[in-house]
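*Asks:* Sharing my_file-v1.cif here; it has mmCIF, C-alpha atoms.
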data_structure
#
loop_
_atom_site.group_PDB
_atom_site.id
_atom_site.type_symbol
_atom_site.label_atom_id
_atom_site.label_comp_id
_atom_site.auth_asym_id
_atom_site.auth_seq_id
_atom_site.Cartn_x
_atom_site.Cartn_y
_atom_site.Cartn_z
ATOM 1 C CA LEU A 1 -15.894 23.414 16.026
ATOM 2 C CA VAL A 2 -14.167 20.070 15.425
ATOM 3 C CA THR A 3 -11.008 21.859 14.289
ATOM 4 C CA MET A 4 -11.053 24.239 17.261
ATOM 5 C CA CYS A 5 -11.539 21.354 19.712
ATOM 6 C CA SER A 6 -8.698 19.457 18.061
ATOM 7 C CA LYS A 7 -6.437 22.466 18.590
ATOM 8 C CA ASP A 8 -7.582 22.667 22.229
ATOM 9 C CA LEU A 9 -6.666 19.002 22.681
ATOM 10 C CA SER A 10 -3.202 19.623 21.225
ATOM 11 C CA ARG A 11 -2.675 22.638 23.485
ATOM 12 C CA THR A 12 -3.746 20.582 26.485
ATOM 13 C CA LEU A 13 -1.212 17.902 25.598
ATOM 14 C CA ASP A 14 1.446 20.603 25.113
ATOM 15 C CA TYR A 15 0.745 21.785 28.647
ATOM 16 C CA LEU A 16 0.774 18.284 30.128
ATOM 17 C CA GLU A 17 4.203 17.744 28.596
ATOM 18 C CA THR A 18 5.512 20.641 30.702
ATOM 19 C CA ARG A 19 4.297 19.055 33.947
ATOM 20 C CA PRO A 20 6.688 16.660 35.701
ATOM 21 C CA GLU A 21 3.847 14.671 37.295
ATOM 22 C CA PHE A 22 2.560 13.502 33.882
ATOM 23 C CA ASP A 23 4.214 10.893 31.689
ATOM 24 C CA SER A 24 3.669 12.194 28.160
ATOM 25 C CA GLU A 25 4.305 8.698 26.779
ATOM 26 C CA ARG A 26 1.231 7.345 28.590
ATOM 27 C CA ILE A 27 -1.698 9.579 27.648
ATOM 28 C CA GLY A 28 -5.047 8.092 26.716
ATOM 29 C CA TYR A 29 -8.234 9.505 25.259
ATOM 30 C CA TYR A 30 -11.614 8.888 26.893
ATOM 31 C CA GLY A 31 -14.714 10.251 25.212
ATOM 32 C CA VAL A 32 -18.433 9.826 25.858
ATOM 33 C CA SER A 33 -21.135 10.082 23.161
ATOM 34 C CA ILE A 34 -20.102 12.908 20.814
ATOM 35 C CA GLY A 35 -16.710 12.938 22.548
ATOM 36 C CA ALA A 36 -16.430 9.228 21.742
ATOM 37 C CA SER A 37 -17.373 9.833 18.130
ATOM 38 C CA LEU A 38 -14.665 12.481 17.911
ATOM 39 C CA GLY A 39 -12.316 9.807 19.209
ATOM 40 C CA ALA A 40 -12.442 8.539 15.650
ATOM 41 C CA VAL A 41 -10.934 11.863 14.533
ATOM 42 C CA TYR A 42 -8.563 13.217 17.190
ATOM 43 C CA PRO A 43 -6.176 10.233 17.508
ATOM 44 C CA ALA A 44 -5.676 10.399 13.740
ATOM 45 C CA VAL A 45 -4.211 13.901 14.012
ATOM 46 C CA GLU A 46 -2.688 13.769 17.507
ATOM 47 C CA ASN A 47 0.089 11.185 17.743
ATOM 48 C CA ARG A 48 0.676 11.722 21.467
ATOM 49 C CA LEU A 49 -2.431 9.701 22.330
ATOM 50 C CA ARG A 50 -1.485 6.085 23.034
ATOM 51 C CA ALA A 51 -4.864 4.387 23.641
ATOM 52 C CA ALA A 52 -8.543 5.292 23.561
ATOM 53 C CA VAL A 53 -11.842 4.327 25.132
ATOM 54 C CA LEU A 54 -14.891 5.460 23.185
ATOM 55 C CA ALA A 55 -18.017 5.169 25.362
ATOM 56 C CA SER A 56 -21.282 5.366 23.398
ATOM 57 C CA GLY A 57 -19.538 6.317 20.166
ATOM 58 C CA PHE A 58 -21.303 6.244 16.828
ATOM 59 C CA LEU A 59 -20.756 6.993 13.163
ATOM 60 C CA ASP A 60 -22.286 10.366 12.394
ATOM 61 C CA THR A 61 -24.375 9.677 9.307
ATOM 62 C CA LYS A 62 -24.941 13.342 8.433
ATOM 63 C CA LEU A 63 -23.239 14.486 5.275
ATOM 64 C CA LEU A 64 -20.177 16.222 6.706
ATOM 65 C CA PRO A 65 -17.343 17.913 4.846
ATOM 66 C CA PRO A 66 -14.301 15.619 4.568
ATOM 67 C CA GLU A 67 -12.170 17.838 6.807
ATOM 68 C CA VAL A 68 -14.308 16.870 9.836
ATOM 69 C CA SER A 69 -15.847 13.559 8.772
ATOM 70 C CA GLN A 70 -15.103 10.392 10.746
ATOM 71 C CA VAL A 71 -14.986 8.580 7.409
ATOM 72 C CA SER A 72 -11.889 10.620 6.497
ATOM 73 C CA PHE A 73 -10.063 10.126 9.806
ATOM 74 C CA ALA A 74 -11.108 6.821 11.411
ATOM 75 C CA PRO A 75 -8.998 4.651 9.045
ATOM 76 C CA HIS A 76 -5.943 6.603 10.264
ATOM 77 C CA VAL A 77 -6.625 5.845 13.934
ATOM 78 C CA THR A 78 -4.183 3.043 14.726
ATOM 79 C CA ILE A 79 -3.863 3.195 18.519
ATOM 80 C CA PRO A 80 -5.591 0.566 20.677
ATOM 81 C CA VAL A 81 -9.319 1.364 20.923
ATOM 82 C CA LEU A 82 -11.975 -0.006 23.248
ATOM 83 C CA MET A 83 -15.360 1.009 21.902
ATOM 84 C CA GLN A 84 -18.126 0.612 24.483
ATOM 85 C CA ASN A 85 -21.782 0.732 23.502
ATOM 86 C CA GLY A 86 -25.237 -0.081 24.766
ATOM 87 C CA ARG A 87 -26.841 -3.078 23.133
ATOM 88 C CA PHE A 88 -30.197 -1.336 23.556
ATOM 89 C CA ASP A 89 -29.175 2.156 22.433
ATOM 90 C CA GLY A 90 -32.291 3.391 20.649
ATOM 91 C CA VAL A 91 -30.653 6.636 19.524
ATOM 92 C CA TYR A 92 -27.520 5.092 17.977
ATOM 93 C CA PRO A 93 -28.295 1.436 17.135
ATOM 94 C CA VAL A 94 -25.615 -1.254 17.020
ATOM 95 C CA ASP A 95 -25.857 -2.286 13.373
ATOM 96 C CA ALA A 96 -26.703 1.153 11.962
ATOM 97 C CA VAL A 97 -23.983 3.367 13.491
ATOM 98 C CA GLN A 98 -21.929 1.539 16.144
ATOM 99 C CA LYS A 99 -20.483 -1.324 14.101
ATOM 100 C CA PRO A 100 -19.791 0.883 11.060
ATOM 101 C CA LEU A 101 -17.642 3.221 13.182
ATOM 102 C CA PHE A 102 -15.813 0.294 14.776
ATOM 103 C CA GLU A 103 -15.099 -1.221 11.362
ATOM 104 C CA LEU A 104 -13.755 2.106 10.030
ATOM 105 C CA LEU A 105 -11.075 2.329 12.721
ATOM 106 C CA GLY A 106 -7.635 1.542 11.324
ATOM 107 C CA THR A 107 -6.497 -0.115 14.541
ATOM 108 C CA PRO A 108 -5.374 -3.728 13.999
ATOM 109 C CA ARG A 109 -8.103 -6.221 15.009
ATOM 110 C CA ASP A 110 -6.112 -7.618 17.943
ATOM 111 C CA HIS A 111 -5.869 -4.120 19.493
ATOM 112 C CA LYS A 112 -9.475 -3.014 19.163
ATOM 113 C CA ARG A 113 -12.604 -4.291 20.824
ATOM 114 C CA HIS A 114 -16.296 -3.453 20.531
ATOM 115 C CA ALA A 115 -17.886 -4.217 23.905
ATOM 116 C CA LEU A 116 -21.662 -4.231 24.199
ATOM 117 C CA TYR A 117 -23.389 -3.723 27.553
ATOM 118 C CA LYS A 118 -26.961 -4.376 28.680
ATOM 119 C CA THR A 119 -27.943 -0.718 28.639
ATOM 120 C CA GLY A 120 -29.038 2.113 26.374
ATOM 121 C CA HIS A 121 -26.906 5.088 25.384
ATOM 122 C CA ALA A 122 -25.438 5.863 28.843
ATOM 123 C CA VAL A 123 -22.628 3.292 28.778
ATOM 124 C CA GLY A 124 -19.946 5.468 30.378
ATOM 125 C CA TYR A 125 -21.716 5.431 33.742
ATOM 126 C CA GLN A 126 -22.000 1.658 34.205
ATOM 127 C CA LYS A 127 -19.714 0.004 36.782
ATOM 128 C CA GLU A 128 -18.798 -2.731 34.322
ATOM 129 C CA SER A 129 -17.827 -0.295 31.561
ATOM 130 C CA VAL A 130 -15.763 1.855 33.957
ATOM 131 C CA ARG A 131 -13.894 -1.241 35.139
ATOM 132 C CA ASP A 132 -13.294 -2.367 31.541
ATOM 133 C CA ALA A 133 -12.001 1.097 30.587
ATOM 134 C CA LEU A 134 -9.531 1.092 33.485
ATOM 135 C CA VAL A 135 -8.321 -2.398 32.578
ATOM 136 C CA TRP A 136 -7.903 -1.263 28.952
ATOM 137 C CA PHE A 137 -5.824 1.756 29.915
ATOM 138 C CA ASP A 138 -3.735 -0.315 32.345
ATOM 139 C CA ARG A 139 -3.068 -2.811 29.556
ATOM 140 C CA TYR A 140 -1.934 -0.232 27.014
ATOM 141 C CA LEU A 141 -0.620 2.623 29.164
ATOM 142 C CA GLY A 142 0.537 0.723 32.229
ATOM 143 C CA PRO A 143 -0.903 0.954 35.730
ATOM 144 C CA VAL A 144 -1.075 4.318 37.455
ATOM 145 C CA ASN A 145 1.736 4.875 39.941
#
Just give me the structure as structure tokens.

*Replies:*
Amino acid sequence: LVTMCSKDLSRTLDYLETRPEFDSERIGYYGVSIGASLGAVYPAVENRLRAAVLASGFLDTKLLPPEVSQVSFAPHVTIPVLMQNGRFDGVYPVDAVQKPLFELLGTPRDHKRHALYKTGHAVGYQKESVRDALVWFDRYLGPVN
């Protein structure tokens, strides 16, 4: 499934490159929950992504084969990453699975940030986190025309 979704992402980017209304040099990745966790995989294999926001991302602690494991790919993610999490996420706790994923990312420290919000797992729907994500993308991709 991870491999098929990665291919779908690449095909989507191929299509966007054919559209004159999109600037293929300014494409970001935004993922929520499992989509955020896969944000520790996809930017490692898709070099057309320029920045990422990972809302409610976590390190999957199941024993996964290396070809789909975040542990294999996250160190190769070097684009700017804003990781947004709930301080009170009871499903994916800060110290157990949030911080370990953040630390695995290969992005230089001055271009990655782990933001914690006063919420549980549903970070991507908070006004503050939406604003922060837009500011992050404006910073690294430029403002939308």

*Asks:* In Å, rounded to a single decimal, give me how far atom CA of Ala36 of chain A is from atom CA of Glu103 of chain A.

*Replies:*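 Going from atom CA of Glu103 of chain A over to atom CA of Ala36 of chain A, I get 14.8 Å.
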
*Asks:* Show me, as a VMD selection string, the residues that have an atom within 7 Å of Gly57 of chain A when counting all atoms listed in the file, minus same-chain residues fewer than 4 positions from it.

*Replies:* chain A and resid 32 to 34 36 to 37 83 85 98

*Asks:* With all atoms listed in the file as the counted atoms, please give the residues lying no more than 7 Å from His114 of chain A, apart from itself and same-chain residues fewer than 5 positions off, as a list in words.

*Replies:* Leu82, Met83, Gln84 and Phe102 of chain A

*Asks:* Run the PyMOL selection byres ((chain A and resi 90-93) around 9) against the file shown and list the residues it catches, as a VMD selection string.

*Replies:* chain A and resid 56 to 59 86 to 89 94 to 99 120 to 121

*Asks:* Can you tell me, as a count of residues only, what residues are no more than 10 Å from Val71 of chain A when counting all atoms listed in the file, ignoring any on the same chain fewer than 3 positions away?

*Replies:* 17

*Asks:* Hey, could you patch up segment 81-106 of chain A with N, CA, C and O atoms and hand it over as a CSV table (one decimal), in the frame of the given file?

*Replies:*
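The file below, part-v7.csv, is the result:
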chain,number,residue,atom,x,y,z
A,81,VAL,N,-8.0,0.7,20.7
A,81,VAL,CA,-9.3,1.4,20.9
A,81,VAL,C,-10.3,0.3,21.5
A,81,VAL,O,-10.5,-0.7,20.9
A,82,LEU,N,-10.9,0.7,22.7
A,82,LEU,CA,-12.0,0.0,23.2
A,82,LEU,C,-13.2,0.8,23.0
A,82,LEU,O,-13.3,2.0,23.4
A,83,MET,N,-14.1,0.3,22.2
A,83,MET,CA,-15.4,1.0,21.9
A,83,MET,C,-16.5,0.3,22.7
A,83,MET,O,-16.7,-0.9,22.6
A,84,GLN,N,-17.1,1.1,23.6
A,84,GLN,CA,-18.1,0.6,24.5
A,84,GLN,C,-19.5,1.2,24.1
A,84,GLN,O,-19.6,2.4,24.0
A,85,ASN,N,-20.5,0.3,23.9
A,85,ASN,CA,-21.8,0.7,23.5
A,85,ASN,C,-22.9,0.0,24.2
A,85,ASN,O,-22.6,-1.1,24.7
A,86,GLY,N,-24.1,0.6,24.2
A,86,GLY,CA,-25.2,-0.1,24.8
A,86,GLY,C,-25.9,-0.9,23.7
A,86,GLY,O,-26.2,-0.4,22.6
A,87,ARG,N,-26.2,-2.2,24.1
A,87,ARG,CA,-26.8,-3.1,23.1
A,87,ARG,C,-28.2,-2.6,22.8
A,87,ARG,O,-28.8,-2.8,21.7
A,88,PHE,N,-28.8,-1.8,23.7
A,88,PHE,CA,-30.2,-1.3,23.6
A,88,PHE,C,-30.3,0.2,23.3
A,88,PHE,O,-31.2,0.8,23.6
A,89,ASP,N,-29.2,0.7,22.7
A,89,ASP,CA,-29.2,2.2,22.4
A,89,ASP,C,-30.2,2.4,21.3
A,89,ASP,O,-29.9,2.1,20.1
A,90,GLY,N,-31.3,3.1,21.6
A,90,GLY,CA,-32.3,3.4,20.6
A,90,GLY,C,-32.0,4.6,19.8
A,90,GLY,O,-32.6,4.8,18.8
A,91,VAL,N,-31.0,5.4,20.3
A,91,VAL,CA,-30.7,6.6,19.5
A,91,VAL,C,-29.6,6.3,18.5
A,91,VAL,O,-29.7,6.7,17.3
A,92,TYR,N,-28.6,5.5,18.9
A,92,TYR,CA,-27.5,5.1,18.0
A,92,TYR,C,-27.4,3.6,18.0
A,92,TYR,O,-26.6,3.0,18.7
A,93,PRO,N,-28.2,2.9,17.1
A,93,PRO,CA,-28.3,1.4,17.1
A,93,PRO,C,-27.0,0.7,16.7
A,93,PRO,O,-26.2,1.3,15.9
A,94,VAL,N,-26.8,-0.5,17.2
A,94,VAL,CA,-25.6,-1.3,17.0
A,94,VAL,C,-25.3,-1.4,15.5
A,94,VAL,O,-24.2,-1.0,15.1
A,95,ASP,N,-26.2,-2.0,14.8
A,95,ASP,CA,-25.9,-2.3,13.4
A,95,ASP,C,-25.8,-1.1,12.5
A,95,ASP,O,-25.1,-1.0,11.5
A,96,ALA,N,-26.6,0.0,12.8
A,96,ALA,CA,-26.7,1.2,12.0
A,96,ALA,C,-25.5,2.1,12.1
A,96,ALA,O,-25.0,2.6,11.1
A,97,VAL,N,-25.0,2.3,13.3
A,97,VAL,CA,-24.0,3.4,13.5
A,97,VAL,C,-22.8,3.0,14.4
A,97,VAL,O,-21.8,3.6,14.4
A,98,GLN,N,-23.0,1.9,15.3
A,98,GLN,CA,-21.9,1.5,16.1
A,98,GLN,C,-20.9,0.7,15.4
A,98,GLN,O,-19.7,1.0,15.3
A,99,LYS,N,-21.4,-0.4,14.8
A,99,LYS,CA,-20.5,-1.3,14.1
A,99,LYS,C,-19.8,-0.6,12.9
A,99,LYS,O,-18.6,-0.8,12.7
A,100,PRO,N,-20.5,0.2,12.2
A,100,PRO,CA,-19.8,0.9,11.1
A,100,PRO,C,-18.6,1.7,11.5
A,100,PRO,O,-17.6,1.8,10.9
A,101,LEU,N,-18.8,2.4,12.7
A,101,LEU,CA,-17.6,3.2,13.2
A,101,LEU,C,-16.5,2.3,13.6
A,101,LEU,O,-15.3,2.5,13.3
A,102,PHE,N,-16.8,1.2,14.3
A,102,PHE,CA,-15.8,0.3,14.8
A,102,PHE,C,-15.0,-0.3,13.6
A,102,PHE,O,-13.8,-0.4,13.6
A,103,GLU,N,-15.8,-0.6,12.5
A,103,GLU,CA,-15.1,-1.2,11.4
A,103,GLU,C,-14.2,-0.2,10.6
A,103,GLU,O,-13.2,-0.6,10.0
A,104,LEU,N,-14.6,1.1,10.7
A,104,LEU,CA,-13.8,2.1,10.0
A,104,LEU,C,-12.4,2.3,10.7
A,104,LEU,O,-11.5,2.8,10.1
A,105,LEU,N,-12.3,2.1,12.0
A,105,LEU,CA,-11.1,2.3,12.7
A,105,LEU,C,-9.9,1.5,12.1
A,105,LEU,O,-10.1,0.3,11.8
A,106,GLY,N,-8.8,2.2,11.9
A,106,GLY,CA,-7.6,1.5,11.3
A,106,GLY,C,-6.8,0.7,12.3
A,106,GLY,O,-5.8,0.1,11.9
